Each structure stands twice: as C-alpha cells, then as structure tokens.
>>> print(open('final.cif').read())   # mmCIF, C-alpha atoms and all ligand atoms
data_coords
#
loop_
_atom_site.group_PDB
_atom_site.id
_atom_site.type_symbol
_atom_site.label_atom_id
_atom_site.label_comp_id
_atom_site.auth_asym_id
_atom_site.auth_seq_id
_atom_site.Cartn_x
_atom_site.Cartn_y
_atom_site.Cartn_z
ATOM 1 C CA MET W 1 245.908 220.549 179.785
ATOM 2 C CA PRO W 2 244.379 221.322 183.201
ATOM 3 C CA VAL W 3 244.990 218.781 185.925
ATOM 4 C CA LYS W 4 241.631 217.469 187.127
ATOM 5 C CA PHE W 5 241.258 216.597 190.773
ATOM 6 C CA GLU W 6 238.392 214.153 191.157
ATOM 7 C CA ASN W 7 235.635 215.699 193.339
ATOM 8 C CA ALA W 8 237.527 218.967 193.791
ATOM 9 C CA SER W 9 235.090 221.846 193.433
ATOM 10 C CA ILE W 10 237.249 224.851 192.662
ATOM 11 C CA THR W 11 235.255 226.246 189.719
ATOM 12 C CA ASP W 12 233.639 229.661 190.232
ATOM 13 C CA GLN W 13 235.952 230.735 193.031
ATOM 14 C CA VAL W 14 237.258 234.309 193.068
ATOM 15 C CA VAL W 15 241.038 234.131 193.369
ATOM 16 C CA LEU W 16 243.509 236.961 194.055
ATOM 17 C CA ILE W 17 247.162 236.257 193.213
ATOM 18 C CA THR W 18 249.850 238.788 194.071
ATOM 19 C CA ALA W 19 252.708 239.155 191.578
ATOM 20 C CA GLY W 20 250.565 237.109 189.225
ATOM 21 C CA ALA W 21 251.711 238.553 185.899
ATOM 22 C CA ALA W 22 254.903 236.481 185.583
ATOM 23 C CA GLY W 23 256.810 233.543 187.014
ATOM 24 C CA ILE W 24 255.185 231.230 189.549
ATOM 25 C CA GLY W 25 252.288 233.651 190.140
ATOM 26 C CA ARG W 26 251.365 233.597 186.473
ATOM 27 C CA ALA W 27 251.494 229.779 186.400
ATOM 28 C CA ILE W 28 249.164 229.743 189.419
ATOM 29 C CA ALA W 29 246.836 232.313 187.828
ATOM 30 C CA GLU W 30 246.592 230.359 184.580
ATOM 31 C CA LYS W 31 245.992 227.117 186.490
ATOM 32 C CA PHE W 32 243.036 228.631 188.380
ATOM 33 C CA LEU W 33 241.718 230.114 185.115
ATOM 34 C CA SER W 34 241.890 226.651 183.535
ATOM 35 C CA HIS W 35 239.683 225.414 186.386
ATOM 36 C CA GLY W 36 237.037 228.045 185.605
ATOM 37 C CA CYS W 37 237.829 230.461 188.439
ATOM 38 C CA SER W 38 237.631 234.259 188.331
ATOM 39 C CA VAL W 39 241.219 235.450 188.645
ATOM 40 C CA HIS W 40 242.505 238.881 189.666
ATOM 41 C CA VAL W 41 246.264 239.449 189.762
ATOM 42 C CA CYS W 42 248.382 242.339 190.888
ATOM 43 C CA ASP W 43 251.916 243.095 189.811
ATOM 44 C CA ILE W 44 254.346 245.971 190.203
ATOM 45 C CA ASP W 45 255.236 245.739 186.492
ATOM 46 C CA ARG W 46 252.628 247.290 184.174
ATOM 47 C CA ALA W 47 254.185 245.783 181.025
ATOM 48 C CA ALA W 48 254.045 242.302 182.578
ATOM 49 C CA ILE W 49 250.363 242.874 183.414
ATOM 50 C CA ASP W 50 249.625 243.990 179.848
ATOM 51 C CA GLY W 51 251.269 240.809 178.528
ATOM 52 C CA PHE W 52 249.392 238.634 181.026
ATOM 53 C CA LEU W 53 246.008 240.202 180.193
ATOM 54 C CA SER W 54 246.530 239.971 176.470
ATOM 55 C CA ASP W 55 247.222 236.223 176.844
ATOM 56 C CA ASN W 56 244.436 235.792 179.436
ATOM 57 C CA PRO W 57 241.603 238.175 178.495
ATOM 58 C CA GLY W 58 239.262 236.517 181.001
ATOM 59 C CA ALA W 59 241.387 237.666 183.956
ATOM 60 C CA SER W 60 241.577 241.081 185.616
ATOM 61 C CA ALA W 61 244.498 242.942 187.157
ATOM 62 C CA SER W 62 245.748 245.911 189.164
ATOM 63 C CA VAL W 63 249.176 247.493 189.084
ATOM 64 C CA ALA W 64 250.308 247.366 192.719
ATOM 65 C CA ASP W 65 253.430 247.000 194.803
ATOM 66 C CA VAL W 66 252.500 244.722 197.724
ATOM 67 C CA ALA W 67 254.917 246.649 199.940
ATOM 68 C CA ASP W 68 252.888 249.846 199.495
ATOM 69 C CA VAL W 69 249.847 250.033 201.795
ATOM 70 C CA ALA W 70 247.996 252.582 199.625
ATOM 71 C CA GLN W 71 248.520 250.584 196.411
ATOM 72 C CA VAL W 72 247.308 247.412 198.147
ATOM 73 C CA GLY W 73 244.210 249.324 199.278
ATOM 74 C CA ALA W 74 243.530 250.474 195.715
ATOM 75 C CA MET W 75 243.908 246.887 194.476
ATOM 76 C CA PHE W 76 241.210 245.756 196.942
ATOM 77 C CA GLU W 77 238.921 248.538 195.689
ATOM 78 C CA ASP W 78 239.354 247.133 192.146
ATOM 79 C CA LEU W 79 238.694 243.608 193.413
ATOM 80 C CA SER W 80 235.578 244.587 195.386
ATOM 81 C CA GLU W 81 234.165 246.555 192.472
ATOM 82 C CA LEU W 82 234.748 243.691 190.036
ATOM 83 C CA TYR W 83 233.705 240.680 192.115
ATOM 84 C CA GLY W 84 232.375 241.807 195.512
ATOM 85 C CA ARG W 85 233.940 238.811 197.223
ATOM 86 C CA LEU W 86 237.169 236.846 197.636
ATOM 87 C CA ASP W 87 237.385 233.079 198.116
ATOM 88 C CA ILE W 88 241.081 232.337 197.631
ATOM 89 C CA LEU W 89 244.166 234.487 198.257
ATOM 90 C CA ILE W 90 247.604 233.490 197.009
ATOM 91 C CA ASN W 91 250.270 235.669 198.648
ATOM 92 C CA ASN W 92 252.915 234.991 196.028
ATOM 93 C CA ALA W 93 254.890 238.250 195.686
ATOM 94 C CA GLY W 94 258.458 237.950 196.870
ATOM 95 C CA ILE W 95 261.870 239.177 195.771
ATOM 96 C CA GLY W 96 265.153 237.313 196.071
ATOM 97 C CA GLY W 97 266.924 240.148 197.863
ATOM 98 C CA PRO W 98 270.682 240.638 198.066
ATOM 99 C CA VAL W 99 273.211 237.801 197.735
ATOM 100 C CA ALA W 100 275.933 238.834 200.174
ATOM 101 C CA ASN W 101 277.328 238.173 203.603
ATOM 102 C CA LEU W 102 275.194 239.810 206.289
ATOM 103 C CA GLU W 103 277.704 242.556 207.051
ATOM 104 C CA ASP W 104 277.732 243.566 203.375
ATOM 105 C CA ILE W 105 273.952 243.945 203.130
ATOM 106 C CA SER W 106 272.723 247.534 203.368
ATOM 107 C CA PRO W 107 269.812 248.424 205.666
ATOM 108 C CA GLU W 108 267.901 249.550 202.542
ATOM 109 C CA GLU W 109 268.322 246.113 200.869
ATOM 110 C CA TRP W 110 267.294 244.407 204.116
ATOM 111 C CA ASP W 111 264.205 246.617 204.556
ATOM 112 C CA ARG W 112 263.030 246.221 200.966
ATOM 113 C CA THR W 113 263.308 242.417 201.077
ATOM 114 C CA ILE W 114 261.375 242.200 204.351
ATOM 115 C CA ALA W 115 258.828 244.773 203.085
ATOM 116 C CA VAL W 116 257.980 242.793 199.943
ATOM 117 C CA ASP W 117 258.395 239.225 201.217
ATOM 118 C CA LEU W 118 256.811 239.575 204.663
ATOM 119 C CA SER W 119 255.023 242.906 205.191
ATOM 120 C CA GLY W 120 253.423 242.587 201.741
ATOM 121 C CA GLN W 121 251.680 239.397 202.873
ATOM 122 C CA PHE W 122 250.429 241.252 205.963
ATOM 123 C CA TYR W 123 249.173 244.277 203.995
ATOM 124 C CA VAL W 124 247.250 242.066 201.570
ATOM 125 C CA THR W 125 245.926 239.524 204.077
ATOM 126 C CA ARG W 126 244.597 242.144 206.513
ATOM 127 C CA LEU W 127 242.229 243.355 203.785
ATOM 128 C CA ALA W 128 241.346 239.853 202.562
ATOM 129 C CA VAL W 129 240.371 238.459 205.964
ATOM 130 C CA PRO W 130 237.263 240.644 206.566
ATOM 131 C CA MET W 131 235.908 239.616 203.137
ATOM 132 C CA MET W 132 236.463 235.936 203.935
ATOM 133 C CA LYS W 133 235.034 236.253 207.442
ATOM 134 C CA ARG W 134 231.872 237.805 205.983
ATOM 135 C CA ALA W 135 231.598 234.785 203.653
ATOM 136 C CA GLY W 136 232.331 232.305 206.452
ATOM 137 C CA ALA W 137 234.874 230.540 204.224
ATOM 138 C CA GLY W 138 238.151 231.037 202.444
ATOM 139 C CA SER W 139 241.579 229.679 201.744
ATOM 140 C CA ILE W 140 244.892 231.504 201.932
ATOM 141 C CA ILE W 141 248.212 230.283 200.564
ATOM 142 C CA ASN W 142 251.397 232.079 201.544
ATOM 143 C CA ILE W 143 254.329 231.361 199.280
ATOM 144 C CA SER W 144 257.395 230.654 201.399
ATOM 145 C CA SER W 145 260.460 228.736 200.222
ATOM 146 C CA THR W 146 262.745 225.866 201.087
ATOM 147 C CA ALA W 147 264.908 228.740 202.400
ATOM 148 C CA ALA W 148 262.460 228.549 205.340
ATOM 149 C CA LEU W 149 263.487 224.982 206.138
ATOM 150 C CA PHE W 150 267.223 225.586 206.435
ATOM 151 C CA GLY W 151 269.480 228.585 206.791
ATOM 152 C CA CYS W 152 270.454 229.994 203.409
ATOM 153 C CA PRO W 153 274.012 231.401 203.371
ATOM 154 C CA MET W 154 274.377 234.878 201.824
ATOM 155 C CA ARG W 155 270.612 235.382 201.600
ATOM 156 C CA ALA W 156 269.802 236.397 205.172
ATOM 157 C CA PRO W 157 266.829 238.759 204.613
ATOM 158 C CA TYR W 158 265.225 236.334 202.146
ATOM 159 C CA SER W 159 265.612 233.340 204.449
ATOM 160 C CA ALA W 160 264.486 235.340 207.509
ATOM 161 C CA SER W 161 261.361 236.605 205.750
ATOM 162 C CA LYS W 162 260.465 233.158 204.414
ATOM 163 C CA TRP W 163 260.824 231.632 207.920
ATOM 164 C CA ALA W 164 258.576 234.438 209.175
ATOM 165 C CA VAL W 165 255.997 233.550 206.535
ATOM 166 C CA ILE W 166 255.646 230.102 208.148
ATOM 167 C CA GLY W 167 255.065 231.727 211.561
ATOM 168 C CA LEU W 168 252.488 234.031 210.002
ATOM 169 C CA THR W 169 250.792 231.055 208.323
ATOM 170 C CA LYS W 170 250.556 228.953 211.483
ATOM 171 C CA THR W 171 249.322 231.895 213.571
ATOM 172 C CA LEU W 172 246.697 232.917 211.012
ATOM 173 C CA ALA W 173 245.532 229.307 210.694
ATOM 174 C CA MET W 174 244.824 229.395 214.452
ATOM 175 C CA GLU W 175 243.069 232.767 214.297
ATOM 176 C CA LEU W 176 240.974 231.981 211.230
ATOM 177 C CA GLY W 177 240.196 228.259 211.628
ATOM 178 C CA PRO W 178 237.073 228.964 213.708
ATOM 179 C CA TRP W 179 235.809 231.140 210.834
ATOM 180 C CA GLY W 180 236.116 228.295 208.329
ATOM 181 C CA ILE W 181 239.184 229.849 206.713
ATOM 182 C CA ARG W 182 242.229 227.681 205.995
ATOM 183 C CA VAL W 183 245.767 229.032 205.794
ATOM 184 C CA ASN W 184 248.708 227.085 204.407
ATOM 185 C CA ALA W 185 252.154 227.816 203.038
ATOM 186 C CA ILE W 186 253.892 226.353 200.003
ATOM 187 C CA CYS W 187 257.670 226.055 200.048
ATOM 188 C CA PRO W 188 258.914 225.803 196.471
ATOM 189 C CA GLY W 189 262.448 224.626 195.876
ATOM 190 C CA SER W 190 264.452 226.237 193.093
ATOM 191 C CA VAL W 191 262.022 226.733 190.229
ATOM 192 C CA ASP W 192 263.178 226.536 186.620
ATOM 193 C CA GLY W 193 263.017 229.995 185.087
ATOM 194 C CA GLU W 194 264.521 233.460 184.800
ATOM 195 C CA ARG W 195 264.537 234.191 188.506
ATOM 196 C CA ILE W 196 266.663 231.210 189.565
ATOM 197 C CA GLU W 197 269.013 232.013 186.674
ATOM 198 C CA ARG W 198 269.413 235.544 188.118
ATOM 199 C CA VAL W 199 270.113 234.091 191.580
ATOM 200 C CA ILE W 200 272.643 231.656 190.062
ATOM 201 C CA GLU W 201 274.411 234.489 188.194
ATOM 202 C CA ARG W 202 274.672 236.566 191.384
ATOM 203 C CA ALA W 203 275.806 233.583 193.482
ATOM 204 C CA ALA W 204 278.420 232.628 190.867
ATOM 205 C CA ALA W 205 279.816 236.169 190.833
ATOM 206 C CA GLN W 206 279.883 236.355 194.643
ATOM 207 C CA ARG W 207 281.511 232.954 195.071
ATOM 208 C CA ASN W 208 283.925 233.092 192.154
ATOM 209 C CA LYS W 209 282.343 230.048 190.500
ATOM 210 C CA THR W 210 280.753 229.472 187.119
ATOM 211 C CA PRO W 211 276.954 229.557 186.791
ATOM 212 C CA ASP W 212 277.039 225.852 185.831
ATOM 213 C CA GLU W 213 278.906 224.971 189.025
ATOM 214 C CA ILE W 214 276.335 226.837 191.109
ATOM 215 C CA ARG W 215 273.398 225.290 189.185
ATOM 216 C CA GLN W 216 274.751 221.775 189.715
ATOM 217 C CA ALA W 217 275.420 222.498 193.392
ATOM 218 C CA TYR W 218 271.808 223.668 193.843
ATOM 219 C CA GLN W 219 270.489 220.572 192.072
ATOM 220 C CA ARG W 220 272.665 218.278 194.226
ATOM 221 C CA GLN W 221 270.820 219.703 197.249
ATOM 222 C CA THR W 222 267.650 217.789 196.345
ATOM 223 C CA SER W 223 266.923 214.065 196.384
ATOM 224 C CA LEU W 224 265.419 214.295 192.884
ATOM 225 C CA ARG W 225 268.526 216.184 191.634
ATOM 226 C CA ARG W 226 266.546 218.755 189.621
ATOM 227 C CA PHE W 227 264.699 222.047 189.857
ATOM 228 C CA VAL W 228 260.900 222.012 190.034
ATOM 229 C CA SER W 229 258.554 223.674 187.542
ATOM 230 C CA ALA W 230 256.214 226.593 188.208
ATOM 231 C CA ASP W 231 253.416 224.341 186.983
ATOM 232 C CA GLU W 232 254.120 221.863 189.797
ATOM 233 C CA VAL W 233 253.819 224.687 192.344
ATOM 234 C CA ALA W 234 250.566 225.793 190.690
ATOM 235 C CA ASN W 235 249.166 222.254 190.969
ATOM 236 C CA MET W 236 249.859 222.324 194.713
ATOM 237 C CA ALA W 237 248.114 225.702 195.050
ATOM 238 C CA VAL W 238 244.971 224.422 193.351
ATOM 239 C CA PHE W 239 245.043 221.128 195.264
ATOM 240 C CA LEU W 240 245.552 222.795 198.670
ATOM 241 C CA THR W 241 242.768 225.326 198.141
ATOM 242 C CA SER W 242 240.316 222.735 196.800
ATOM 243 C CA ASP W 243 237.856 220.911 199.012
ATOM 244 C CA LEU W 244 240.020 217.781 198.690
ATOM 245 C CA CYS W 245 242.108 219.500 201.370
ATOM 246 C CA ALA W 246 239.170 220.719 203.478
ATOM 247 C CA SER W 247 240.866 219.557 206.685
ATOM 248 C CA ILE W 248 244.351 220.813 205.901
ATOM 249 C CA SER W 249 245.378 224.076 207.560
ATOM 250 C CA GLY W 250 248.475 225.489 209.224
ATOM 251 C CA GLN W 251 250.810 223.392 207.066
ATOM 252 C CA ALA W 252 253.918 224.244 205.067
ATOM 253 C CA MET W 253 253.979 221.957 202.029
ATOM 254 C CA SER W 254 257.225 221.658 200.094
ATOM 255 C CA VAL W 255 257.282 221.300 196.316
ATOM 256 C CA ASP W 256 261.016 220.866 195.986
ATOM 257 C CA GLY W 257 262.102 217.347 195.048
ATOM 258 C CA HIS W 258 263.019 216.973 198.746
ATOM 259 C CA THR W 259 265.689 219.426 199.812
ATOM 260 C CA GLU W 260 268.373 217.611 201.800
ATOM 261 C CA SER W 261 270.446 220.681 202.708
ATOM 262 C CA MET W 262 271.110 224.225 201.555
ATOM 263 C CA SER W 263 274.711 224.571 202.566
ATOM 264 C CA ASN W 264 276.662 222.714 199.887
ATOM 265 C CA VAL W 265 276.623 225.650 197.453
ATOM 266 C CA MET W 266 279.479 226.873 199.656
ATOM 267 C CA ASP W 267 281.586 223.792 198.814
HETATM 268 P P1 LIG F 301 259.760 236.527 189.807
HETATM 269 O O1 LIG F 301 261.041 237.169 190.203
HETATM 270 O O2 LIG F 301 259.705 235.731 188.540
HETATM 271 O O3 LIG F 301 258.671 237.691 189.773
HETATM 272 C C1 LIG F 301 257.322 237.421 189.484
HETATM 273 C C2 LIG F 301 256.565 238.733 189.449
HETATM 274 O O4 LIG F 301 256.653 239.427 190.701
HETATM 275 C C3 LIG F 301 257.103 239.746 188.410
HETATM 276 O O5 LIG F 301 256.117 239.982 187.424
HETATM 277 C C4 LIG F 301 257.398 241.004 189.228
HETATM 278 O O6 LIG F 301 257.080 242.189 188.535
HETATM 279 C C5 LIG F 301 256.484 240.798 190.440
HETATM 280 N N1 LIG F 301 256.850 241.590 191.606
HETATM 281 C C6 LIG F 301 258.092 241.803 192.105
HETATM 282 N N2 LIG F 301 258.036 242.592 193.188
HETATM 283 C C7 LIG F 301 256.718 242.890 193.380
HETATM 284 C C8 LIG F 301 256.020 243.679 194.332
HETATM 285 N N3 LIG F 301 256.680 244.340 195.296
HETATM 286 N N4 LIG F 301 254.666 243.760 194.248
HETATM 287 C C9 LIG F 301 254.001 243.136 193.266
HETATM 288 N N5 LIG F 301 254.614 242.384 192.318
HETATM 289 C C10 LIG F 301 255.951 242.262 192.380
HETATM 290 O O7 LIG F 301 259.259 235.624 191.048
HETATM 291 P P2 LIG F 301 258.986 234.042 191.132
HETATM 292 O O8 LIG F 301 260.259 233.313 190.941
HETATM 293 O O9 LIG F 301 257.815 233.709 190.305
HETATM 294 O O10 LIG F 301 258.641 233.897 192.701
HETATM 295 C C11 LIG F 301 257.330 233.969 193.190
HETATM 296 C C12 LIG F 301 257.335 233.605 194.671
HETATM 297 O O11 LIG F 301 257.902 232.285 194.842
HETATM 298 C C13 LIG F 301 258.204 234.531 195.541
HETATM 299 O O12 LIG F 301 257.575 234.715 196.795
HETATM 300 C C14 LIG F 301 259.491 233.755 195.703
HETATM 301 O O13 LIG F 301 260.198 234.120 196.857
HETATM 302 C C15 LIG F 301 258.956 232.336 195.793
HETATM 303 N N6 LIG F 301 259.960 231.317 195.446
HETATM 304 C C16 LIG F 301 260.562 231.313 194.208
HETATM 305 C C17 LIG F 301 261.499 230.338 193.921
HETATM 306 C C18 LIG F 301 262.160 230.279 192.572
HETATM 307 O O14 LIG F 301 263.093 229.483 192.401
HETATM 308 N N7 LIG F 301 261.734 231.062 191.591
HETATM 309 C C19 LIG F 301 261.828 229.376 194.888
HETATM 310 C C20 LIG F 301 261.214 229.418 196.131
HETATM 311 C C21 LIG F 301 260.269 230.395 196.398
#
>>> encode(input="final.cif", output="structure tokens", more="lines below")
Ligand code: NAD
Amino acid sequence: MPVKFENASITDQVVLITAGAAGIGRAIAEKFLSHGCSVHVCDIDRAAIDGFLSDNPGASASVADVADVAQVGAMFEDLSELYGRLDILINNAGIGGPVANLEDISPEEWDRTIAVDLSGQFYVTRLAVPMMKRAGAGSIINISSTAALFGCPMRAPYSASKWAVIGLTKTLAMELGPWGIRVNAICPGSVDGERIERVIERAAAQRNKTPDEIRQAYQRQTSLRRFVSADEVANMAVFLTSDLCASISGQAMSVDGHTESMSNVMD
C-alpha cells in the first residue's frame, strides 16, 4: 500500500536509483514506482536486475558498477535514450567494507570501499547535474549512514566514506541551490535484512561473540531498541524529494530509531 503524502506531487518524475535491484535501493525504487514515477535502476549484479525487472516490468535498468566511470557513462546513455531527462537521483550504492582494525585492513579493501561508497556518488552525480541544471530543477539524495554520526570501530573506510558523503551533500547543496536543485542525505540505522546479517556475522567472528550478542548490542544502541525497515528509508526518500520538502536542502536526515552511540558493540 503506497504511503500518500497529502499535496505531494511526485508522480511523473524520472528517478534514477543506484544499486536499485535489491535491499534498500529496491525498496526505494518500488516506492517511487507505486507513486507513478518512471524508475531506472542500476546494479552491479545482472541476476538481481533480472529479478527486479521481472517483478517490476514498468521499470528500466542498466548493469553498472558505480565505481567504474565508463559503466556509469553507459548507464547515463541508457537513461538519456529512455527518458531524456532526470528529476530525482538517489545515490544509494554502498558496500559495508571490511570489519577489522585499521592496521589489518588492506589498501585494496580500503580503496574499493571508498571507490563504491564515495567516488561512486561523485561519478554518478557529475553526470546527473547537467541534466538537472538544464531543467532548472531536481532533487538528489545521497545515502549515508548513522556511521557518519559517530565513529564506527572496525569499519574505518565505511565510516570515513559515509562522513564524506555528508560533506559532499552540504557542498553540493550550496553549489546547486541557486539552480533550484536540492541535495540531502539520508542516514539509515541498521536496516533489517541480509546485509546487516552479514555485518553481524563478520562482527561476531571478529569479536569472538555470538551473532545474537552482536545483534542485541546493535539494537541497544538505539532509543527505539530495534532495527529500521528498508520501507521506512524509502518513505523518507519519497518525502524528502517531494514538494512537501521544497525548502529542505543540505540536511542529513536519520532514519534510525535515534542512535545514541555506536561504541557499545565493543562491550
Ligand atoms: P545491499 O548490500 O543489500 O546491496 C544492495 C545492492 O547493491 C545489491 O543488489 C548489489 O548488487 C548492489 N551493489 C553493490 N555494489 C555495487 C556497485 N559497486 N555498483 C552498483 N551496485 C552495487 O545494500 P543495502 O543494505 O541495501 O544498502 C544500500 C545503501 O544503504 C548503502 O549505501 C549502505 O551503505 C546504506 N546503509 C545500509 C544500512 C543497512 O543496515 N543495510 C545501514 C545504513 C546505511
């Protein structure tokens, strides 16, 4: 059942969502589709795209790794050919990266995490901005994380890239505001799903704890004592890009049940 925002005109927008074939990106894609938008997703995983398109035949997609400049360029060629314009960009692609003390992280793991989580947003946004400037309007959401509000032990490249995403968001909001383009970040807390289960497994192995102990420790970090759902993050994406938020730019909005700290998983 789509959430209806009174007076929010979001229908008919062309929306690009990176890593939109699964997880939070897919929830966001399906939410925009339910509001009558034209949705194009990219994903590095062809099988995930096939599954997404078979469940959502009204959407379109490109196979692309956001950390690869040429593949991002090809994705924009697909988008331009299909729609000729772009109203909303959701920079969602991001990987969890290694779970290890800094000195145990290899330069390759560091580079890949920064390449996907930060440079990917740059590669995509630099091609989106000229399209939005030509239209004199647009809305960009960069997916950050509550890891950008605190330090996040044993996840240095992830936390560093997600902090950088906030800097990118605030800077772009300043550059693009005069063009009528809004830029905001969303900081999800731990989202129920496969990905957080993978992070929990890795953290449990690293810290010699059981997955249940790690899960409970994560949940104790929030005032609401639970993980959030991908659907709740998707609702924020639609709300923030709708004209109900026409004056909101340069903000980092948390959807996280209020994270109180990120250090007690070390207890
Ligand atoms: P996920 O691990 O479930 O992956 C979703 C999709 O991303 C997959 O289909 C995968 O193929 C695709 N993908 C991976 N690398 C890619 C790349 N280089 N280019 C294109 N596609 C790629 O991810 P998720 O949990 O849905 O996370 C989405 C975003 O939300 C990320 O930026 C993540 O950092 C952020 N986030 C997630 C959580 C969480 O608990 N899941 C919490 C805070 C922030």
>>> residues_around(input="final.cif", residues="Ile90 (chain W)", least_positions_apart="6", cutoff="9 Å", atoms="only C-alpha atoms", output="PyMOL selection string")
chain W and resi 15-18+25+28+139-143+237
>>> residues_near_ligand(input="final.cif", ligand="ligand LIG 301 (chain F)", cutoff="8 Å", atoms="only C-alpha atoms and all ligand atoms", output="ChimeraX atom specification")
/W:18-26,42-45,48-49,63-68,91-96,116-117,120,143-147,158,162,187-196,230
>>> resolve_selection(input="final.cif", expression="the PyMOL selection byres (((chain W and resi 73-85) around 12) and not hetatm)", output="ChimeraX atom specification")
/W:12-18,37-44,59-72,86-89,120,123-138
>>> resolve_selection(input="final.cif", expression="the PyMOL selection byres (((chain W and resi 234) around 10) and not hetatm)", output="VMD selection string")
chain W and resid 24 to 32 186 229 to 233 235 to 240 255
>>> resolve_selection(input="final.cif", expression="the PyMOL selection byres (((chain W and resi 151-157) around 9) and not hetatm)", output="tab-separated table (two decimals) with C-alpha atoms, keeping the file's coordinate frame")
chain	number	residue	atom	x	y	z
W	96	GLY	CA	265.15	237.31	196.07
W	97	GLY	CA	266.92	240.15	197.86
W	98	PRO	CA	270.68	240.64	198.07
W	99	VAL	CA	273.21	237.80	197.74
W	100	ALA	CA	275.93	238.83	200.17
W	101	ASN	CA	277.33	238.17	203.60
W	102	LEU	CA	275.19	239.81	206.29
W	105	ILE	CA	273.95	243.94	203.13
W	109	GLU	CA	268.32	246.11	200.87
W	110	TRP	CA	267.29	244.41	204.12
W	111	ASP	CA	264.20	246.62	204.56
W	113	THR	CA	263.31	242.42	201.08
W	114	ILE	CA	261.38	242.20	204.35
W	147	ALA	CA	264.91	228.74	202.40
W	148	ALA	CA	262.46	228.55	205.34
W	149	LEU	CA	263.49	224.98	206.14
W	150	PHE	CA	267.22	225.59	206.44
W	158	TYR	CA	265.23	236.33	202.15
W	159	SER	CA	265.61	233.34	204.45
W	160	ALA	CA	264.49	235.34	207.51
W	161	SER	CA	261.36	236.60	205.75
W	162	LYS	CA	260.46	233.16	204.41
W	203	ALA	CA	275.81	233.58	193.48
W	261	SER	CA	270.45	220.68	202.71
W	262	MET	CA	271.11	224.22	201.56
W	263	SER	CA	274.71	224.57	202.57
W	265	VAL	CA	276.62	225.65	197.45
W	266	MET	CA	279.48	226.87	199.66
>>> atom_distance(input="final.cif", atom1="CA of Gln206 (chain W)", atom2="CA of Gln219 (chain W)")
18.5 Å
>>> closest_residue(input="final.cif", among="W:Asn184, W:Thr259, W:Ser254, W:Ser247", to="Thr171 (chain W)", atoms="all atoms listed in the file")
W:Asn184
>>> atom_distance(input="final.cif", atom1="CA of Gly257 (chain W)", atom2="CA of Thr222 (chain W)")
5.7 Å
>>> closest_residue(input="final.cif", among="W:Ile10, W:Ala47, W:Ala185, W:Leu244", to="Trp163 (chain W)", atoms="only C-alpha atoms")
W:Ala185
>>> atom_distance(input="final.cif", atom1="CA of Leu224 (chain W)", atom2="CA of Asp256 (chain W)")
8.5 Å
>>> closest_residue(input="final.cif", among="W:Gln251, W:Arg226, W:Glu197, W:Glu108", to="Asp212 (chain W)", atoms="all atoms listed in the file")
W:Glu197
>>> axis_aligned_box(input="final.cif", around="region 243-250 of chain W", padding_each_side="3 Å", output="JSON")
{"center_x": 243.2, "center_y": 221.6, "center_z": 204.0, "size_x": 16.6, "size_y": 13.7, "size_z": 16.5}
